[in-house]
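Okay, structure first, notes after.
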Amino acid sequence: MPMYQNGEVDPAVKALEARQDEIMRKLYELKAAVEGLAKTVTTPDADLDLTVSSSLSSQSSTSAVFKSTTDLDALLGKDLGALRDIVINANPEQPPLTLLVLHSLLSQRYRVLSTIHTHSSVTSVAPQLLSCLGPRHADSHIRHMFQLGFTLIWKKVPKLEMKFSVRNMCPIEGEANVARFLFKLLAPYPSDPALATLVDSWVDTAFFQLAEGSSKERAAVLRALNSALGRGHWLAGAEFSLADVACYCCVMQTGSASSAPANVQRWIKSCENLGHFSPAKLLLQ
């Protein structure tokens with residue numbers, strides 16, 4: 001690098017370096033913007049007709065909820081300059097409460113660019129569904145500032161589906177399966193196979209027996225929940241897990257909370273005290 005005799009850098013060189021840095025910054029922004037446009041053009045949902053909101057998300061620790069957390073780059077691989085886009089198609093007649101809770105948790109773990117769209121297959125959407133991911137972020141147009149893109153599309157689909165910007169990845173179908181994927185971005189599944197199986201068992205019970213089961217099945221699940229919560233604070237071991245998220249949302253969505261036994265009532269309050277269930281509760285009001 002050219003210098004004067006007193007050791008100072010030539011001003012012309014410094015100006016050239018500054019200009020080069022500015023060019024690189026603009027190229028970086030352009031790359032991020034092109035990545036966003038590519039997502040919109042290549043997805044089968046390119047006929048989006050309304051962008052409603054982009055949520056305010058902050059990067060803060062979720063250590064109060066999880067003792068161990070995951071690193072996004074370690075989990076998905078480092079991808080400089082490209083926003084990892086989570087795109088979810090959901091039927092407004094069946095709002096995915098678990099995904100709203102997980103979105104809240106993700107927004108505290110990562111910088112999340114959250115947007116809501118209404119697909120042309122849907123004639124009308126309730127106002128609360130159009131704002132369920134929170135208020136618009138002032139910097140939502142600068143994609144490279146964010147680590148994750150969380151796009152919720154209200155669309156007339158028979159089953160919830162998620163598409164992710166990882167190459168060669170097939171869509172994930174079903175709220176339970178999407179919830180499993182998203183939760184793994186927050187914290188690893190238990191290393192103990194028995195405990196991991198217990199988590200999955202409660203998730204399946206929530207969606208297949210609580211959400212879709214008969215009144216007798218729901219009553220049986222509430223008894224099982226009460227029994228399990230009599231032995232511990234959470235459903236699967238000593239830590240809050242996806243089992244708690246799924247069962248809470250399905251209990252609330254089916255209107256079973258008011259008739260739930262004592263241990264379940266206590267657990268519902270414990271979940272709500274964490275503060276991440278507010279988006280789900282707002283949709284139930």
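In the structure tokens, each chain is lettered A, B, ... as it comes, each chain's residues begin at 1, and ligands are numbered from 1 in order of appearance.
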
Quiz item: Leaving out Ser256 (chain A) and any residue of its chain fewer than 6 positions from it, which residues lie within 9 Å of it when counting only C-alpha atoms, given as a PyMOL selection string?
Solution: chain A and resi 210+218-219+222+250

Kindly save the residues from that selection, with C-alpha atoms included, as a tab-separated table (two decimals), in the first residue's frame.
chain	number	residue	atom	x	y	z
A	210	LEU	CA	-57.14	-33.44	20.65
A	218	ARG	CA	-60.34	-35.39	24.01
A	219	ALA	CA	-61.47	-36.28	27.52
A	222	LEU	CA	-57.00	-34.38	29.17
A	250	CYS	CA	-54.72	-27.82	20.66

Considering only C-alpha atoms, tabulate each residue of region 98-120 of chain A that lies at most 9 Å from region 125-134 of chain A along with its nearest interatomic pair and the corresponding distance in Å to one decimal; arrange the rows by chain and ascending residue number and present them as JSON lines.
{"residue": "A:Leu100", "atom": "CA", "partner": "A:Leu133", "partner_atom": "CA", "distance": 7.1}
{"residue": "A:His103", "atom": "CA", "partner": "A:Leu133", "partner_atom": "CA", "distance": 7.6}
{"residue": "A:Ser104", "atom": "CA", "partner": "A:Leu133", "partner_atom": "CA", "distance": 8.0}
{"residue": "A:Ser114", "atom": "CA", "partner": "A:Leu133", "partner_atom": "CA", "distance": 6.7}
{"residue": "A:Thr115", "atom": "CA", "partner": "A:Leu133", "partner_atom": "CA", "distance": 7.4}
{"residue": "A:Ile116", "atom": "CA", "partner": "A:Leu130", "partner_atom": "CA", "distance": 6.6}
{"residue": "A:His117", "atom": "CA", "partner": "A:Leu130", "partner_atom": "CA", "distance": 8.0}
{"residue": "A:Thr118", "atom": "CA", "partner": "A:Val125", "partner_atom": "CA", "distance": 7.7}

Emit the selected residues as a compact mmCIF listing (two decimals), in the first residue's frame, including N, CA, C and O atoms.
# COMPACT_ATOMS: atom_id res chain seq x y z
N LEU A 100 -47.59 -19.83 15.17
CA LEU A 100 -47.53 -18.46 15.68
C LEU A 100 -46.67 -18.40 16.95
O LEU A 100 -45.91 -17.46 17.15
N HIS A 103 -43.11 -18.90 15.84
CA HIS A 103 -42.64 -17.66 15.20
C HIS A 103 -42.20 -16.67 16.27
O HIS A 103 -41.17 -15.99 16.12
N SER A 104 -42.96 -16.56 17.34
CA SER A 104 -42.60 -15.67 18.44
C SER A 104 -41.26 -16.06 19.05
O SER A 104 -40.40 -15.21 19.32
N SER A 114 -40.67 -11.00 8.83
CA SER A 114 -41.96 -11.68 8.80
C SER A 114 -42.97 -10.93 7.94
O SER A 114 -43.16 -9.73 8.12
N THR A 115 -43.60 -11.64 7.02
CA THR A 115 -44.59 -11.03 6.15
C THR A 115 -45.81 -11.93 6.01
O THR A 115 -45.72 -13.14 6.15
N ILE A 116 -46.94 -11.30 5.75
CA ILE A 116 -48.19 -12.02 5.54
C ILE A 116 -48.75 -11.64 4.18
O ILE A 116 -48.77 -10.46 3.81
N HIS A 117 -49.18 -12.64 3.42
CA HIS A 117 -49.81 -12.42 2.12
C HIS A 117 -51.17 -13.10 2.10
O HIS A 117 -51.41 -14.07 2.83
N THR A 118 -52.03 -12.60 1.26
CA THR A 118 -53.32 -13.25 1.01
C THR A 118 -53.33 -13.75 -0.42
O THR A 118 -53.13 -12.98 -1.36

Quiz item: Taking the backbone alone, and naming residues the way the document does, which bits of region 71-248 of chain A are helix (DSSP H, G or I) by DSSP, as a PyMOL selection string?
Solution: chain A and resi 72-76+97-109+127-130+143-145+175-183+193-210+215-229+242-248

Exercise. Tell me, as an NGL selection string, which residues lie within 8 Å of Leu160 (chain A), counting only C-alpha atoms; anything in the same chain fewer than 3 positions away does not count.
Key: :A and (88-91 or 157 or 173-175)

Please produce a file of the residues just selected, as a PDB file, in the first residue's frame, where the atoms kept are N, CA, C and O atoms.
ATOM      1  N   ILE A  88     -44.954 -20.518   4.272  1.00  0.00           N
ATOM      2  CA  ILE A  88     -46.006 -21.404   4.782  1.00  0.00           C
ATOM      3  C   ILE A  88     -47.341 -21.048   4.152  1.00  0.00           C
ATOM      4  O   ILE A  88     -47.767 -19.889   4.189  1.00  0.00           O
ATOM      5  N   ASN A  89     -47.984 -22.039   3.556  1.00  0.00           N
ATOM      6  CA  ASN A  89     -49.346 -21.889   3.055  1.00  0.00           C
ATOM      7  C   ASN A  89     -50.303 -22.454   4.092  1.00  0.00           C
ATOM      8  O   ASN A  89     -50.191 -23.619   4.476  1.00  0.00           O
ATOM      9  N   ALA A  90     -51.233 -21.627   4.560  1.00  0.00           N
ATOM     10  CA  ALA A  90     -52.168 -22.072   5.595  1.00  0.00           C
ATOM     11  C   ALA A  90     -53.576 -21.611   5.272  1.00  0.00           C
ATOM     12  O   ALA A  90     -53.779 -20.525   4.711  1.00  0.00           O
ATOM     13  N   ASN A  91     -54.531 -22.444   5.614  1.00  0.00           N
ATOM     14  CA  ASN A  91     -55.938 -22.118   5.390  1.00  0.00           C
ATOM     15  C   ASN A  91     -56.428 -21.199   6.513  1.00  0.00           C
ATOM     16  O   ASN A  91     -56.294 -21.547   7.686  1.00  0.00           O
ATOM     17  N   VAL A 157     -55.948 -24.175   1.077  1.00  0.00           N
ATOM     18  CA  VAL A 157     -55.232 -25.440   0.923  1.00  0.00           C
ATOM     19  C   VAL A 157     -55.849 -26.475   1.860  1.00  0.00           C
ATOM     20  O   VAL A 157     -56.294 -26.145   2.957  1.00  0.00           O
ATOM     21  N   GLU A 173     -45.533 -31.145   4.761  1.00  0.00           N
ATOM     22  CA  GLU A 173     -46.978 -31.026   4.894  1.00  0.00           C
ATOM     23  C   GLU A 173     -47.428 -31.367   6.303  1.00  0.00           C
ATOM     24  O   GLU A 173     -46.858 -32.244   6.953  1.00  0.00           O
ATOM     25  N   GLY A 174     -48.475 -30.665   6.752  1.00  0.00           N
ATOM     26  CA  GLY A 174     -49.050 -30.928   8.061  1.00  0.00           C
ATOM     27  C   GLY A 174     -48.468 -30.026   9.132  1.00  0.00           C
ATOM     28  O   GLY A 174     -47.253 -29.827   9.201  1.00  0.00           O
ATOM     29  N   GLU A 175     -49.340 -29.469   9.975  1.00  0.00           N
ATOM     30  CA  GLU A 175     -48.883 -28.540  11.008  1.00  0.00           C
ATOM     31  C   GLU A 175     -47.903 -29.191  11.972  1.00  0.00           C
ATOM     32  O   GLU A 175     -46.926 -28.569  12.396  1.00  0.00           O
TER      33      GLU A 175
END

Quiz item: Which distance in Å separates CA of Ser270 (chain A) and CA of Tyr248 (chain A), to one decimal?
Solution: 10.4 Å

Practice problem: Would you please give, as a list in words, all residues of region 106-172 of chain A that DSSP assigns to strand (DSSP E or B) based on the backbone? | Solution: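 Those in region 106-172 of chain A that DSSP calls strand (DSSP E or B) are Val112, Leu113, Ser114, Thr115, Ile116, His117, Thr118, His119, Arg136, Leu148, Gly149, Phe150, Thr151, Leu152, Ile153, Trp154, Glu161, Met162, Lys163, Phe164 and Ile172 of chain A.
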
Write the residues of the preceding selection, restricted to C-alpha atoms, as a PDB file, in the first residue's frame.
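The resulting file, again-v6.pdb, is reproduced below:
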ATOM      1  CA  VAL A 112     -36.740 -12.607  11.417  1.00  0.00           C
ATOM      2  CA  LEU A 113     -38.286 -10.788   8.461  1.00  0.00           C
ATOM      3  CA  SER A 114     -41.963 -11.683   8.801  1.00  0.00           C
ATOM      4  CA  THR A 115     -44.593 -11.026   6.148  1.00  0.00           C
ATOM      5  CA  ILE A 116     -48.195 -12.022   5.539  1.00  0.00           C
ATOM      6  CA  HIS A 117     -49.806 -12.418   2.122  1.00  0.00           C
ATOM      7  CA  THR A 118     -53.320 -13.248   1.014  1.00  0.00           C
ATOM      8  CA  HIS A 119     -53.588 -15.637  -1.930  1.00  0.00           C
ATOM      9  CA  ARG A 136     -44.262  -3.884  10.227  1.00  0.00           C
ATOM     10  CA  LEU A 148     -34.692 -15.779   8.488  1.00  0.00           C
ATOM     11  CA  GLY A 149     -37.630 -14.916   6.269  1.00  0.00           C
ATOM     12  CA  PHE A 150     -40.985 -16.089   7.664  1.00  0.00           C
ATOM     13  CA  THR A 151     -43.732 -15.713   5.069  1.00  0.00           C
ATOM     14  CA  LEU A 152     -47.272 -16.760   5.943  1.00  0.00           C
ATOM     15  CA  ILE A 153     -49.661 -17.074   2.997  1.00  0.00           C
ATOM     16  CA  TRP A 154     -53.365 -17.393   3.718  1.00  0.00           C
ATOM     17  CA  GLU A 161     -47.530 -26.871   3.841  1.00  0.00           C
ATOM     18  CA  MET A 162     -44.116 -25.302   4.205  1.00  0.00           C
ATOM     19  CA  LYS A 163     -41.412 -24.622   1.639  1.00  0.00           C
ATOM     20  CA  PHE A 164     -37.875 -23.741   2.624  1.00  0.00           C
ATOM     21  CA  ILE A 172     -43.274 -30.333   4.375  1.00  0.00           C
TER      22      ILE A 172
END

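With distances restricted to only C-alpha atoms, A:Arg109 is the closest residue to Leu182 (chain A) from A:Arg109, A:Lys155, A:Lys281, A:Lys216.
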
Exercise. Work out how far CA of Phe277 (chain A) is from CA of Val101 (chain A), in Å to one decimal.
Key: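 One can read the CA of Val101 (chain A) to CA of Phe277 (chain A) distance as 5.4 Å.
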
Quiz prompt | Between CA of Ala228 (chain A) and CA of Ser201 (chain A), distance in Å (one decimal) | solution =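 Distance reported for this atom pair: 12.7 Å.
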
Practice problem: Point out the residue among A:Glu217, A:Gly232, A:Arg223, A:Asp200 with the least atom-to-atom distance to Asn177 (chain A), counting only C-alpha atoms. | Solution: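 Result for the nearest residue to Asn177 (chain A): A:Asp200.
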
Self-check item: Nearby residues (only C-alpha atoms) at most 12 Å from Gly275 (chain A), same-chain spacing under 2 positions excluded, as a list of chain:residue names
Solution: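 Counting only the stated atoms, we get A:Thr62, A:Ala64, A:Val65, A:Val101, A:Leu102, A:Ser104, A:Leu105, A:Gln108, A:Ile268, A:Lys269, A:Ser270, A:Cys271, A:Glu272, A:Asn273, A:Phe277, A:Ser278, A:Pro279, A:Ala280, A:Lys281.
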